[in-house]
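What follows is the content of query32.pdb (PDB, C-alpha atoms and all ligand atoms).
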```
MODEL        1
ATOM      1  CA  MET A   1      -5.900  -1.477  -2.798
ATOM      2  CA  THR A   2      -7.891  -2.047   0.398
ATOM      3  CA  GLY A   3      -5.609  -0.431   2.962
ATOM      4  CA  ALA A   4      -6.552   2.267   5.410
ATOM      5  CA  ASP A   5      -5.186   4.846   2.954
ATOM      6  CA  THR A   6      -8.159   4.396   0.599
ATOM      7  CA  PRO A   7     -11.279   6.516   1.209
ATOM      8  CA  ALA A   8     -14.152   4.839   3.026
ATOM      9  CA  LEU A   9     -16.420   5.542   0.082
ATOM     10  CA  GLU A  10     -15.694   6.582  -3.519
ATOM     11  CA  ILE A  11     -18.679   7.124  -5.767
ATOM     12  CA  SER A  12     -18.333   8.165  -9.376
ATOM     13  CA  GLY A  13     -20.961   8.942 -12.019
ATOM     14  CA  LEU A  14     -23.652   7.140 -10.043
ATOM     15  CA  ARG A  15     -27.104   7.069 -11.605
ATOM     16  CA  LYS A  16     -30.361   5.253 -10.938
ATOM     17  CA  CYS A  17     -33.372   5.401 -13.224
ATOM     18  CA  TYR A  18     -36.712   3.819 -12.348
ATOM     19  CA  GLY A  19     -38.317   3.852 -15.781
ATOM     20  CA  PRO A  20     -38.816   7.508 -16.618
ATOM     21  CA  VAL A  21     -37.853   8.672 -13.078
ATOM     22  CA  THR A  22     -34.176   9.512 -12.573
ATOM     23  CA  ALA A  23     -33.831   9.079  -8.814
ATOM     24  CA  VAL A  24     -30.056   9.633  -8.734
ATOM     25  CA  ASP A  25     -28.522  11.599 -11.563
ATOM     26  CA  ASP A  26     -24.772  11.279 -12.124
ATOM     27  CA  ILE A  27     -23.428  11.975  -8.635
ATOM     28  CA  SER A  28     -19.794  11.676  -7.558
ATOM     29  CA  PHE A  29     -18.333  12.074  -4.096
ATOM     30  CA  THR A  30     -15.690  10.714  -1.731
ATOM     31  CA  VAL A  31     -16.043  10.126   2.011
ATOM     32  CA  PRO A  32     -12.686  10.103   3.842
ATOM     33  CA  ARG A  33     -12.131   7.448   6.491
ATOM     34  CA  GLY A  34     -13.187   8.418   9.979
ATOM     35  CA  SER A  35     -15.398  11.277   8.766
ATOM     36  CA  THR A  36     -19.150  11.810   8.740
ATOM     37  CA  THR A  37     -20.820  12.956   5.533
ATOM     38  CA  ALA A  38     -24.468  14.003   5.492
ATOM     39  CA  LEU A  39     -26.814  13.707   2.528
ATOM     40  CA  LEU A  40     -29.278  16.577   2.722
ATOM     41  CA  GLY A  41     -32.231  17.143   0.465
ATOM     42  CA  GLY A  42     -35.995  17.362   0.356
ATOM     43  CA  ASN A  43     -38.354  14.415   0.014
ATOM     44  CA  GLY A  44     -37.551  12.458  -3.125
ATOM     45  CA  ALA A  45     -34.089  14.036  -3.597
ATOM     46  CA  GLY A  46     -32.438  10.625  -3.946
ATOM     47  CA  LYS A  47     -30.819  10.109  -0.532
ATOM     48  CA  THR A  48     -32.312   6.704   0.258
ATOM     49  CA  THR A  49     -31.675   5.472  -3.287
ATOM     50  CA  THR A  50     -28.009   6.475  -2.943
ATOM     51  CA  ILE A  51     -27.685   4.613   0.361
ATOM     52  CA  ALA A  52     -29.538   1.596  -1.087
ATOM     53  CA  MET A  53     -27.014   1.410  -3.942
ATOM     54  CA  VAL A  54     -24.101   1.465  -1.494
ATOM     55  CA  LEU A  55     -25.800  -1.339   0.425
ATOM     56  CA  GLY A  56     -26.388  -3.370  -2.739
ATOM     57  CA  LEU A  57     -30.174  -3.303  -2.329
ATOM     58  CA  VAL A  58     -30.626  -1.352  -5.550
ATOM     59  CA  THR A  59     -28.605  -1.938  -8.721
ATOM     60  CA  PRO A  60     -27.173   1.246 -10.248
ATOM     61  CA  THR A  61     -28.089   2.145 -13.821
ATOM     62  CA  ALA A  62     -24.562   3.555 -14.254
ATOM     63  CA  GLY A  63     -21.497   4.529 -12.266
ATOM     64  CA  SER A  64     -18.990   2.955  -9.928
ATOM     65  CA  LEU A  65     -18.908   2.477  -6.169
ATOM     66  CA  HIS A  66     -15.962   1.564  -3.972
ATOM     67  CA  ALA A  67     -16.290   1.038  -0.217
ATOM     68  CA  LEU A  68     -13.280   0.578   2.076
ATOM     69  CA  GLY A  69     -11.184  -0.056  -1.031
ATOM     70  CA  TYR A  70     -13.458  -2.761  -2.454
ATOM     71  CA  ASP A  71     -15.216  -2.485  -5.803
ATOM     72  CA  LEU A  72     -18.866  -3.000  -4.897
ATOM     73  CA  GLU A  73     -19.631  -4.599  -8.245
ATOM     74  CA  THR A  74     -17.054  -7.368  -7.929
ATOM     75  CA  GLU A  75     -16.068  -7.429  -4.233
ATOM     76  CA  ARG A  76     -19.431  -6.860  -2.567
ATOM     77  CA  ARG A  77     -19.078  -9.706  -0.060
ATOM     78  CA  GLN A  78     -15.798  -8.409   1.396
ATOM     79  CA  ALA A  79     -17.175  -4.867   1.694
ATOM     80  CA  ASN A  80     -20.519  -5.909   3.202
ATOM     81  CA  ALA A  81     -18.748  -7.686   6.051
ATOM     82  CA  LEU A  82     -17.340  -4.289   7.103
ATOM     83  CA  MET A  83     -20.492  -2.239   6.608
ATOM     84  CA  ASN A  84     -23.850  -1.970   8.336
ATOM     85  CA  PHE A  85     -27.012   0.098   8.191
ATOM     86  CA  GLU A  86     -29.672   1.613  10.412
ATOM     87  CA  SER A  87     -33.043   3.117   9.627
ATOM     88  CA  PRO A  88     -36.118   3.361  11.846
ATOM     89  CA  TYR A  89     -38.213   2.626   8.746
ATOM     90  CA  VAL A  90     -36.856  -0.905   8.422
ATOM     91  CA  ASP A  91     -38.465  -3.234  10.948
ATOM     92  CA  MET A  92     -37.064  -6.527  12.173
ATOM     93  CA  PRO A  93     -39.264  -9.604  12.319
ATOM     94  CA  MET A  94     -41.773  -8.626  15.013
ATOM     95  CA  ARG A  95     -42.398 -12.027  16.552
ATOM     96  CA  LEU A  96     -38.745 -12.869  17.118
ATOM     97  CA  THR A  97     -37.363 -11.725  20.444
ATOM     98  CA  VAL A  98     -34.641  -9.121  20.553
ATOM     99  CA  ARG A  99     -32.141 -11.869  21.368
ATOM    100  CA  GLU A 100     -33.298 -14.002  18.419
ATOM    101  CA  ASN A 101     -33.115 -11.084  15.998
ATOM    102  CA  LEU A 102     -29.643 -10.032  17.123
ATOM    103  CA  THR A 103     -28.490 -13.655  16.985
ATOM    104  CA  VAL A 104     -29.679 -13.971  13.371
ATOM    105  CA  TYR A 105     -27.742 -10.839  12.384
ATOM    106  CA  ALA A 106     -24.638 -11.919  14.304
ATOM    107  CA  ARG A 107     -24.714 -15.215  12.408
ATOM    108  CA  LEU A 108     -25.340 -13.486   9.071
ATOM    109  CA  TYR A 109     -22.130 -11.563   9.674
ATOM    110  CA  GLY A 110     -20.358 -14.788  10.548
ATOM    111  CA  LEU A 111     -19.338 -13.551  13.985
ATOM    112  CA  SER A 112     -17.730 -15.926  16.424
ATOM    113  CA  HIS A 113     -18.881 -16.020  20.077
ATOM    114  CA  VAL A 114     -22.394 -14.990  19.030
ATOM    115  CA  ARG A 115     -23.987 -15.385  22.454
ATOM    116  CA  GLU A 116     -21.355 -13.211  24.125
ATOM    117  CA  ARG A 117     -21.530 -10.582  21.386
ATOM    118  CA  VAL A 118     -25.327 -10.314  21.668
ATOM    119  CA  ARG A 119     -25.067 -10.033  25.436
ATOM    120  CA  ALA A 120     -22.356  -7.350  25.222
ATOM    121  CA  ILE A 121     -24.094  -5.144  22.656
ATOM    122  CA  ALA A 122     -27.400  -5.461  24.559
ATOM    123  CA  ASP A 123     -25.631  -4.393  27.721
ATOM    124  CA  ASP A 124     -23.985  -1.453  25.953
ATOM    125  CA  LEU A 125     -27.340  -0.231  24.623
ATOM    126  CA  ALA A 126     -29.281  -0.835  27.857
ATOM    127  CA  LEU A 127     -31.326  -3.608  26.228
ATOM    128  CA  THR A 128     -30.610  -6.481  28.571
ATOM    129  CA  GLU A 129     -34.048  -6.383  30.197
ATOM    130  CA  PHE A 130     -35.712  -6.578  26.754
ATOM    131  CA  LEU A 131     -33.657  -9.431  25.291
ATOM    132  CA  ASP A 132     -36.441 -11.990  25.635
ATOM    133  CA  ARG A 133     -39.281  -9.716  24.587
ATOM    134  CA  PRO A 134     -40.722  -9.949  21.027
ATOM    135  CA  SER A 135     -39.274  -7.091  18.962
ATOM    136  CA  GLY A 136     -42.799  -5.986  17.971
ATOM    137  CA  LYS A 137     -43.645  -5.262  21.617
ATOM    138  CA  LEU A 138     -41.193  -2.444  22.178
ATOM    139  CA  SER A 139     -41.622   1.329  22.183
ATOM    140  CA  ALA A 140     -40.216   3.388  19.300
ATOM    141  CA  GLY A 141     -37.199   4.397  21.386
ATOM    142  CA  GLN A 142     -36.518   0.798  22.455
ATOM    143  CA  LYS A 143     -36.849  -0.356  18.823
ATOM    144  CA  THR A 144     -34.338   2.281  17.820
ATOM    145  CA  ARG A 145     -31.870   0.917  20.361
ATOM    146  CA  VAL A 146     -32.410  -2.605  18.991
ATOM    147  CA  GLY A 147     -31.856  -1.208  15.474
ATOM    148  CA  LEU A 148     -28.624   0.345  16.700
ATOM    149  CA  ALA A 149     -27.536  -2.930  18.278
ATOM    150  CA  LYS A 150     -28.190  -4.669  14.956
ATOM    151  CA  ALA A 151     -26.298  -1.933  13.058
ATOM    152  CA  LEU A 152     -23.255  -2.203  15.317
ATOM    153  CA  ILE A 153     -23.242  -5.960  15.883
ATOM    154  CA  ASN A 154     -20.294  -6.424  13.497
ATOM    155  CA  GLU A 155     -18.489  -3.234  14.643
ATOM    156  CA  PRO A 156     -18.774  -1.779  11.118
ATOM    157  CA  GLU A 157     -16.044   0.401   9.641
ATOM    158  CA  LEU A 158     -18.642   2.081   7.433
ATOM    159  CA  LEU A 159     -22.029   2.868   8.944
ATOM    160  CA  LEU A 160     -24.926   3.995   6.747
ATOM    161  CA  LEU A 161     -27.716   5.796   8.579
ATOM    162  CA  ASP A 162     -31.039   6.762   7.008
ATOM    163  CA  GLU A 163     -32.798   9.281   9.267
ATOM    164  CA  PRO A 164     -31.615   7.461  12.392
ATOM    165  CA  THR A 165     -33.423   9.708  14.872
ATOM    166  CA  ALA A 166     -36.715  10.196  13.022
ATOM    167  CA  SER A 167     -39.705   9.929  15.390
ATOM    168  CA  LEU A 168     -37.582   9.935  18.547
ATOM    169  CA  ASP A 169     -38.181  12.368  21.394
ATOM    170  CA  PRO A 170     -35.433  15.027  21.731
ATOM    171  CA  ASP A 171     -33.843  13.321  24.739
ATOM    172  CA  THR A 172     -33.638   9.891  23.075
ATOM    173  CA  ALA A 173     -32.456  11.477  19.806
ATOM    174  CA  ASP A 174     -29.689  13.259  21.711
ATOM    175  CA  TRP A 175     -28.701   9.989  23.366
ATOM    176  CA  VAL A 176     -28.500   8.263  19.957
ATOM    177  CA  ARG A 177     -26.332  11.067  18.507
ATOM    178  CA  SER A 178     -24.004  10.875  21.510
ATOM    179  CA  TYR A 179     -23.793   7.130  20.990
ATOM    180  CA  PHE A 180     -22.702   7.606  17.358
ATOM    181  CA  GLU A 181     -20.106  10.175  18.423
ATOM    182  CA  ALA A 182     -18.701   7.811  21.052
ATOM    183  CA  TYR A 183     -18.692   4.869  18.612
ATOM    184  CA  LYS A 184     -16.828   6.936  16.025
ATOM    185  CA  ALA A 185     -14.312   8.191  18.585
ATOM    186  CA  ARG A 186     -13.687   4.638  19.825
ATOM    187  CA  THR A 187     -13.452   2.837  16.473
ATOM    188  CA  GLY A 188     -12.565   5.500  13.886
ATOM    189  CA  ALA A 189     -15.585   4.409  11.833
ATOM    190  CA  THR A 190     -16.945   6.385   8.890
ATOM    191  CA  ILE A 191     -20.589   7.471   8.705
ATOM    192  CA  LEU A 192     -22.820   8.342   5.743
ATOM    193  CA  LEU A 193     -25.965   9.925   7.124
ATOM    194  CA  ALA A 194     -29.230  10.940   5.457
ATOM    195  CA  SER A 195     -31.134  13.275   7.727
ATOM    196  CA  HIS A 196     -33.858  15.898   7.774
ATOM    197  CA  ASN A 197     -32.693  17.105  11.173
ATOM    198  CA  MET A 198     -30.464  20.123  10.604
ATOM    199  CA  GLY A 199     -29.235  20.278  14.200
ATOM    200  CA  GLU A 200     -28.127  16.674  13.849
ATOM    201  CA  VAL A 201     -26.281  17.475  10.632
ATOM    202  CA  GLU A 202     -24.519  20.484  12.143
ATOM    203  CA  ARG A 203     -23.521  18.406  15.151
ATOM    204  CA  LEU A 204     -22.362  15.213  13.442
ATOM    205  CA  ALA A 205     -21.298  16.025   9.885
ATOM    206  CA  ASP A 206     -17.825  17.031   8.742
ATOM    207  CA  SER A 207     -19.140  17.395   5.231
ATOM    208  CA  VAL A 208     -22.571  17.936   3.657
ATOM    209  CA  LEU A 209     -23.842  17.012   0.194
ATOM    210  CA  MET A 210     -26.931  19.003  -0.778
ATOM    211  CA  MET A 211     -29.167  16.996  -3.132
ATOM    212  CA  THR A 212     -32.009  18.205  -5.319
ATOM    213  CA  ARG A 213     -33.860  15.964  -7.790
ATOM    214  CA  GLY A 214     -31.114  13.346  -7.789
ATOM    215  CA  ARG A 215     -28.194  15.717  -8.250
ATOM    216  CA  ILE A 216     -25.626  17.132  -5.842
ATOM    217  CA  VAL A 217     -26.174  20.866  -6.125
ATOM    218  CA  ASP A 218     -23.756  22.026  -3.434
ATOM    219  CA  ARG A 219     -21.289  20.575  -0.946
ATOM    220  CA  GLY A 220     -18.971  21.615   1.869
ATOM    221  CA  SER A 221     -18.558  21.547   5.622
ATOM    222  CA  PRO A 222     -21.491  22.964   7.619
ATOM    223  CA  ALA A 223     -19.304  26.013   8.409
ATOM    224  CA  ASP A 224     -18.448  26.515   4.697
ATOM    225  CA  LEU A 225     -22.102  26.302   3.693
ATOM    226  CA  LEU A 226     -23.258  28.696   6.415
ATOM    227  CA  ALA A 227     -20.638  31.212   5.277
ATOM    228  CA  ARG A 228     -21.371  30.746   1.573
ATOM    229  CA  TYR A 229     -25.111  31.233   1.970
ATOM    230  CA  GLY A 230     -24.712  33.979   4.558
ATOM    231  CA  ARG A 231     -26.887  32.037   7.011
ATOM    232  CA  THR A 232     -26.693  31.296  10.718
ATOM    233  CA  ASN A 233     -28.030  27.728  10.671
ATOM    234  CA  MET A 234     -28.335  24.766   8.293
ATOM    235  CA  GLU A 235     -32.130  24.963   8.300
ATOM    236  CA  GLU A 236     -31.901  28.295   6.433
ATOM    237  CA  VAL A 237     -29.306  26.857   4.024
ATOM    238  CA  PHE A 238     -31.599  23.884   3.417
ATOM    239  CA  LEU A 239     -34.537  26.199   2.639
ATOM    240  CA  ASP A 240     -32.401  28.255   0.225
ATOM    241  CA  VAL A 241     -31.521  25.084  -1.675
ATOM    242  CA  ALA A 242     -34.905  23.331  -1.382
ATOM    243  CA  ARG A 243     -36.820  26.349  -2.648
ATOM    244  CA  GLY A 244     -34.667  26.054  -5.730
ATOM    245  CA  THR A 245     -34.247  29.692  -6.592
ATOM    246  CA  GLY A 246     -30.641  28.885  -7.473
ATOM    247  CA  ILE A 247     -29.705  32.222  -5.949
ATOM    248  CA  ARG A 248     -27.799  31.940  -2.733
ATOM    249  CA  ALA A 249     -27.711  34.608  -0.088
ATOM    250  CA  ALA A 250     -23.978  34.911  -0.775
ATOM    251  CA  ASP A 251     -24.629  35.484  -4.502
ATOM    252  CA  LEU A 252     -27.223  38.079  -3.644
ATOM    253  CA  ALA A 253     -24.772  39.859  -1.368
ATOM    254  CA  THR A 254     -22.173  39.893  -4.159
ATOM    255  CA  ALA A 255     -24.740  41.026  -6.738
ATOM    256  CA  SER A 256     -25.952  43.787  -4.478
ATOM    257  CA  GLN A 257     -22.369  44.925  -3.858
ATOM    258  CA  GLN A 258     -21.721  44.985  -7.621
ATOM    259  CA  ASP A 259     -24.934  46.997  -8.147
ATOM    260  CA  THR A 260     -23.788  49.500  -5.546
ATOM    261  CA  GLU A 261     -20.345  49.753  -7.140
ATOM    262  CA  GLY A 262     -21.925  50.062 -10.623
ATOM    263  CA  ALA A 263     -24.233  52.847  -9.441
ATOM    264  CA  ALA A 264     -21.331  54.687  -7.838
ATOM    265  CA  SER A 265     -19.151  54.666 -10.987
TER     266      SER A 265
HETATM  267  N1  LIG B 301     -38.638   1.538  -6.240
HETATM  268  C1  LIG B 301     -38.910   2.709  -6.838
HETATM  269  N2  LIG B 301     -39.609   2.748  -7.999
HETATM  270  C2  LIG B 301     -39.856   3.913  -8.614
HETATM  271  N3  LIG B 301     -39.452   5.113  -8.163
HETATM  272  C3  LIG B 301     -38.760   5.141  -7.007
HETATM  273  C4  LIG B 301     -38.460   3.939  -6.294
HETATM  274  N4  LIG B 301     -37.753   4.283  -5.181
HETATM  275  C5  LIG B 301     -37.637   5.625  -5.214
HETATM  276  N5  LIG B 301     -38.246   6.138  -6.308
HETATM  277  C6  LIG B 301     -38.295   7.553  -6.696
HETATM  278  O1  LIG B 301     -36.962   8.021  -6.714
HETATM  279  C7  LIG B 301     -36.884   9.349  -6.221
HETATM  280  C8  LIG B 301     -35.888   9.408  -5.083
HETATM  281  O2  LIG B 301     -36.422   8.715  -3.948
HETATM  282  P1  LIG B 301     -35.609   8.512  -2.586
HETATM  283  O3  LIG B 301     -36.429   7.649  -1.713
HETATM  284  O4  LIG B 301     -34.239   8.092  -2.910
HETATM  285  O5  LIG B 301     -35.567  10.001  -2.035
HETATM  286  P2  LIG B 301     -35.162  10.529  -0.580
HETATM  287  O6  LIG B 301     -34.259  11.702  -0.794
HETATM  288  O7  LIG B 301     -34.643   9.445   0.254
HETATM  289  O8  LIG B 301     -36.574  11.025  -0.049
HETATM  290  P3  LIG B 301     -37.188  11.095   1.454
HETATM  291  O9  LIG B 301     -36.489  12.226   2.144
HETATM  292  O10 LIG B 301     -38.628  11.390   1.195
HETATM  293  O11 LIG B 301     -36.965   9.779   2.116
HETATM  294  C9  LIG B 301     -38.313   9.762  -5.858
HETATM  295  O12 LIG B 301     -38.865  10.464  -6.945
HETATM  296  C10 LIG B 301     -39.016   8.428  -5.670
HETATM  297  O13 LIG B 301     -40.392   8.523  -5.951
ENDMDL
END
```
Take the structure from the file and write it as structure tokens.
Ligand SMILES: Nc1ncnc2c1ncn2[C@@H]1O[C@H](COP(=O)(O)OP(=O)(O)OP(=O)(O)O)[C@@H](O)[C@H]1O
Amino acid sequence: MTGADTPALEISGLRKCYGPVTAVDDISFTVPRGSTTALLGGNGAGKTTTIAMVLGLVTPTAGSLHALGYDLETERRQANALMNFESPYVDMPMRLTVRENLTVYARLYGLSHVRERVRAIADDLALTEFLDRPSGKLSAGQKTRVGLAKALINEPELLLLDEPTASLDPDTADWVRSYFEAYKARTGATILLASHNMGEVERLADSVLMMTRGRIVDRGSPADLLARYGRTNMEEVFLDVARGTGIRAADLATASQQDTEGAAS
């Protein structure tokens, strides 16, 4: 079944071992169509490995993945045509111009009217004046816009973002987040986002998966998590989880209430 009634992403029992290191340890989750799910976790929690398995860059040790109704083990080609990816840590060939790079990606996706598509996406992302400049001779913010143009060249239904605003100034980062919001509103696309920026997560995510050492240790909407941990922002929730006490503020509140009740009886 590949209709719009299937989730954008269904992951079950997913695991990745690199020799003795278990990078992703038996995780399962579903991302509904049109929603944004954030993967949150400290360095080495397994976020990038999870995204890399969805993209087909890393082969899972175990588990199943379905994207947009396609089984990623047997129907990878169909799914890849509808997906795309952005990360500031992945550079494009530096010597190719922006136009040449975008043209290569447009052709890889088998798009028709490549020249027009490159021109349109460059216009949309205010890149027209840089089209004939080598990609290596751009500022970080300009490179991010080129990365976005590459990520959206095929108008993906499922967009995977790995720290998309890392190293951007607050103004440019805000612009990029607004761009994602507008793209989602216009196309109904689904986003899976790994981020260390808690404000970004609170702003963009409908749902959050908290990862520690390859496992999902908690999940919920930002509002649910704030309430459950008794916190006012996601940064504090992140610290509660990352510090790994396993005791949430909400548990503490309950325990303290029980102590009070016990003492009173
Ligand atoms: N190719 C690899 N070979 C061996 N170990 C790896 C490889 N890639 C990742 N790892 C290990 O897998 C674990 C998860 O790494 P991953 O990059 O997925 O984490 P992450 O949550 O994305 O971290 P960060 O926030 O630092 O980017 C880490 O312990 C890492 O050292």
Residues in the PyMOL selection byres (((chain A and resi 204) around 10) and not hetatm), expressed as a ChimeraX atom specification: /A:35-38,177-178,180-181,191,193,198-203,205-207,222
Quick one: contact table of chain A to ligand LIG 301 (chain B), 6 Å max, nearest atom pair and distance in Å to one decimal per residue, counting all atoms listed in the file, chain and number order, as CSV?
```
residue,atom,partner,partner_atom,distance
A:Tyr18,CA,B:LIG301,C2,4.9
A:Ala23,CA,B:LIG301,O1,3.9
A:Gly41,CA,B:LIG301,O6,5.9
A:Gly42,CA,B:LIG301,O9,5.5
A:Asn43,CA,B:LIG301,O10,3.3
A:Gly44,CA,B:LIG301,O5,3.3
A:Ala45,CA,B:LIG301,O6,3.7
A:Gly46,CA,B:LIG301,O4,3.3
A:Lys47,CA,B:LIG301,O6,3.8
A:Thr48,CA,B:LIG301,O7,3.6
A:Thr49,CA,B:LIG301,O4,3.7
```
Please evaluate the PyMOL selection byres (((chain A and resi 133) around 12) and not hetatm) against the displayed coordinates and give the resulting residues as a tab-separated table (two decimals) with C-alpha atoms, keeping the file's coordinate frame.
```tsv
chain	number	residue	atom	x	y	z
A	94	MET	CA	-41.77	-8.63	15.01
A	95	ARG	CA	-42.40	-12.03	16.55
A	96	LEU	CA	-38.74	-12.87	17.12
A	97	THR	CA	-37.36	-11.72	20.44
A	98	VAL	CA	-34.64	-9.12	20.55
A	99	ARG	CA	-32.14	-11.87	21.37
A	100	GLU	CA	-33.30	-14.00	18.42
A	101	ASN	CA	-33.12	-11.08	16.00
A	127	LEU	CA	-31.33	-3.61	26.23
A	128	THR	CA	-30.61	-6.48	28.57
A	129	GLU	CA	-34.05	-6.38	30.20
A	130	PHE	CA	-35.71	-6.58	26.75
A	131	LEU	CA	-33.66	-9.43	25.29
A	132	ASP	CA	-36.44	-11.99	25.64
A	134	PRO	CA	-40.72	-9.95	21.03
A	135	SER	CA	-39.27	-7.09	18.96
A	136	GLY	CA	-42.80	-5.99	17.97
A	137	LYS	CA	-43.64	-5.26	21.62
A	138	LEU	CA	-41.19	-2.44	22.18
A	139	SER	CA	-41.62	1.33	22.18
A	142	GLN	CA	-36.52	0.80	22.46
A	143	LYS	CA	-36.85	-0.36	18.82
A	146	VAL	CA	-32.41	-2.60	18.99
```
A:Val114 environment, 12 Å, only C-alpha atoms, sequence neighbours closer than 4 positions dropped, as a list of chain:residue names: A:Arg99, A:Glu100, A:Asn101, A:Leu102, A:Thr103, A:Val104, A:Tyr105, A:Ala106, A:Arg107, A:Leu108, A:Tyr109, A:Gly110, A:Val118, A:Arg119, A:Ala120, A:Ile121, A:Ile153, A:Asn154
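Between atom CA of A:His113 and atom CA of A:Leu158 lies a distance of 22.1 Å.
Nearest to A:Thr172 of all the residues A:Ser195, A:Asn84, A:Ser221, A:Thr144 is A:Thr144, counting all atoms listed in the file.
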Where is the centre and how long are the edges: axis-aligned box on stretch 102-111 of chain A, 6 Å on each side, Å to one decimal, as JSON:
```
{"center_x": -24.5, "center_y": -12.6, "center_z": 13.1, "size_x": 22.3, "size_y": 17.2, "size_z": 20.1}
```
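If you look at atom CA of A:Thr190 and atom CA of A:Gly230, they are 29.0 Å away from each other.
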Selection result for the PyMOL selection byres (((chain A and resi 9) around 6) and not hetatm) on this file, as a ChimeraX atom specification: /A:7-8,10,30-31,66-67
Restore N, CA and C atoms in stretch 176-187 of chain A and list the result as a PDB file, keeping the file's coordinate frame.
```
ATOM      1  N   VAL A 176     -28.946   9.027  21.139  1.00  0.00           N
ATOM      2  CA  VAL A 176     -28.500   8.263  19.957  1.00  0.00           C
ATOM      3  C   VAL A 176     -27.326   8.984  19.275  1.00  0.00           C
ATOM      4  N   ARG A 177     -27.434  10.312  19.144  1.00  0.00           N
ATOM      5  CA  ARG A 177     -26.332  11.067  18.507  1.00  0.00           C
ATOM      6  C   ARG A 177     -25.054  10.946  19.328  1.00  0.00           C
ATOM      7  N   SER A 178     -25.191  11.021  20.646  1.00  0.00           N
ATOM      8  CA  SER A 178     -24.004  10.875  21.510  1.00  0.00           C
ATOM      9  C   SER A 178     -23.407   9.490  21.326  1.00  0.00           C
ATOM     10  N   TYR A 179     -24.287   8.500  21.161  1.00  0.00           N
ATOM     11  CA  TYR A 179     -23.793   7.130  20.990  1.00  0.00           C
ATOM     12  C   TYR A 179     -22.964   7.016  19.704  1.00  0.00           C
ATOM     13  N   PHE A 180     -23.464   7.625  18.616  1.00  0.00           N
ATOM     14  CA  PHE A 180     -22.702   7.606  17.358  1.00  0.00           C
ATOM     15  C   PHE A 180     -21.353   8.297  17.531  1.00  0.00           C
ATOM     16  N   GLU A 181     -21.359   9.436  18.221  1.00  0.00           N
ATOM     17  CA  GLU A 181     -20.106  10.175  18.423  1.00  0.00           C
ATOM     18  C   GLU A 181     -19.103   9.312  19.193  1.00  0.00           C
ATOM     19  N   ALA A 182     -19.600   8.646  20.241  1.00  0.00           N
ATOM     20  CA  ALA A 182     -18.701   7.811  21.052  1.00  0.00           C
ATOM     21  C   ALA A 182     -18.201   6.618  20.232  1.00  0.00           C
ATOM     22  N   TYR A 183     -19.092   6.022  19.432  1.00  0.00           N
ATOM     23  CA  TYR A 183     -18.692   4.869  18.612  1.00  0.00           C
ATOM     24  C   TYR A 183     -17.604   5.283  17.618  1.00  0.00           C
ATOM     25  N   LYS A 184     -17.809   6.440  17.005  1.00  0.00           N
ATOM     26  CA  LYS A 184     -16.828   6.936  16.025  1.00  0.00           C
ATOM     27  C   LYS A 184     -15.483   7.221  16.702  1.00  0.00           C
ATOM     28  N   ALA A 185     -15.552   7.854  17.866  1.00  0.00           N
ATOM     29  CA  ALA A 185     -14.312   8.191  18.585  1.00  0.00           C
ATOM     30  C   ALA A 185     -13.565   6.917  18.982  1.00  0.00           C
ATOM     31  N   ARG A 186     -14.319   5.879  19.348  1.00  0.00           N
ATOM     32  CA  ARG A 186     -13.687   4.638  19.825  1.00  0.00           C
ATOM     33  C   ARG A 186     -13.114   3.815  18.679  1.00  0.00           C
ATOM     34  N   THR A 187     -13.828   3.781  17.538  1.00  0.00           N
ATOM     35  CA  THR A 187     -13.452   2.837  16.473  1.00  0.00           C
ATOM     36  C   THR A 187     -12.855   3.505  15.243  1.00  0.00           C
TER      37      THR A 187
END
```
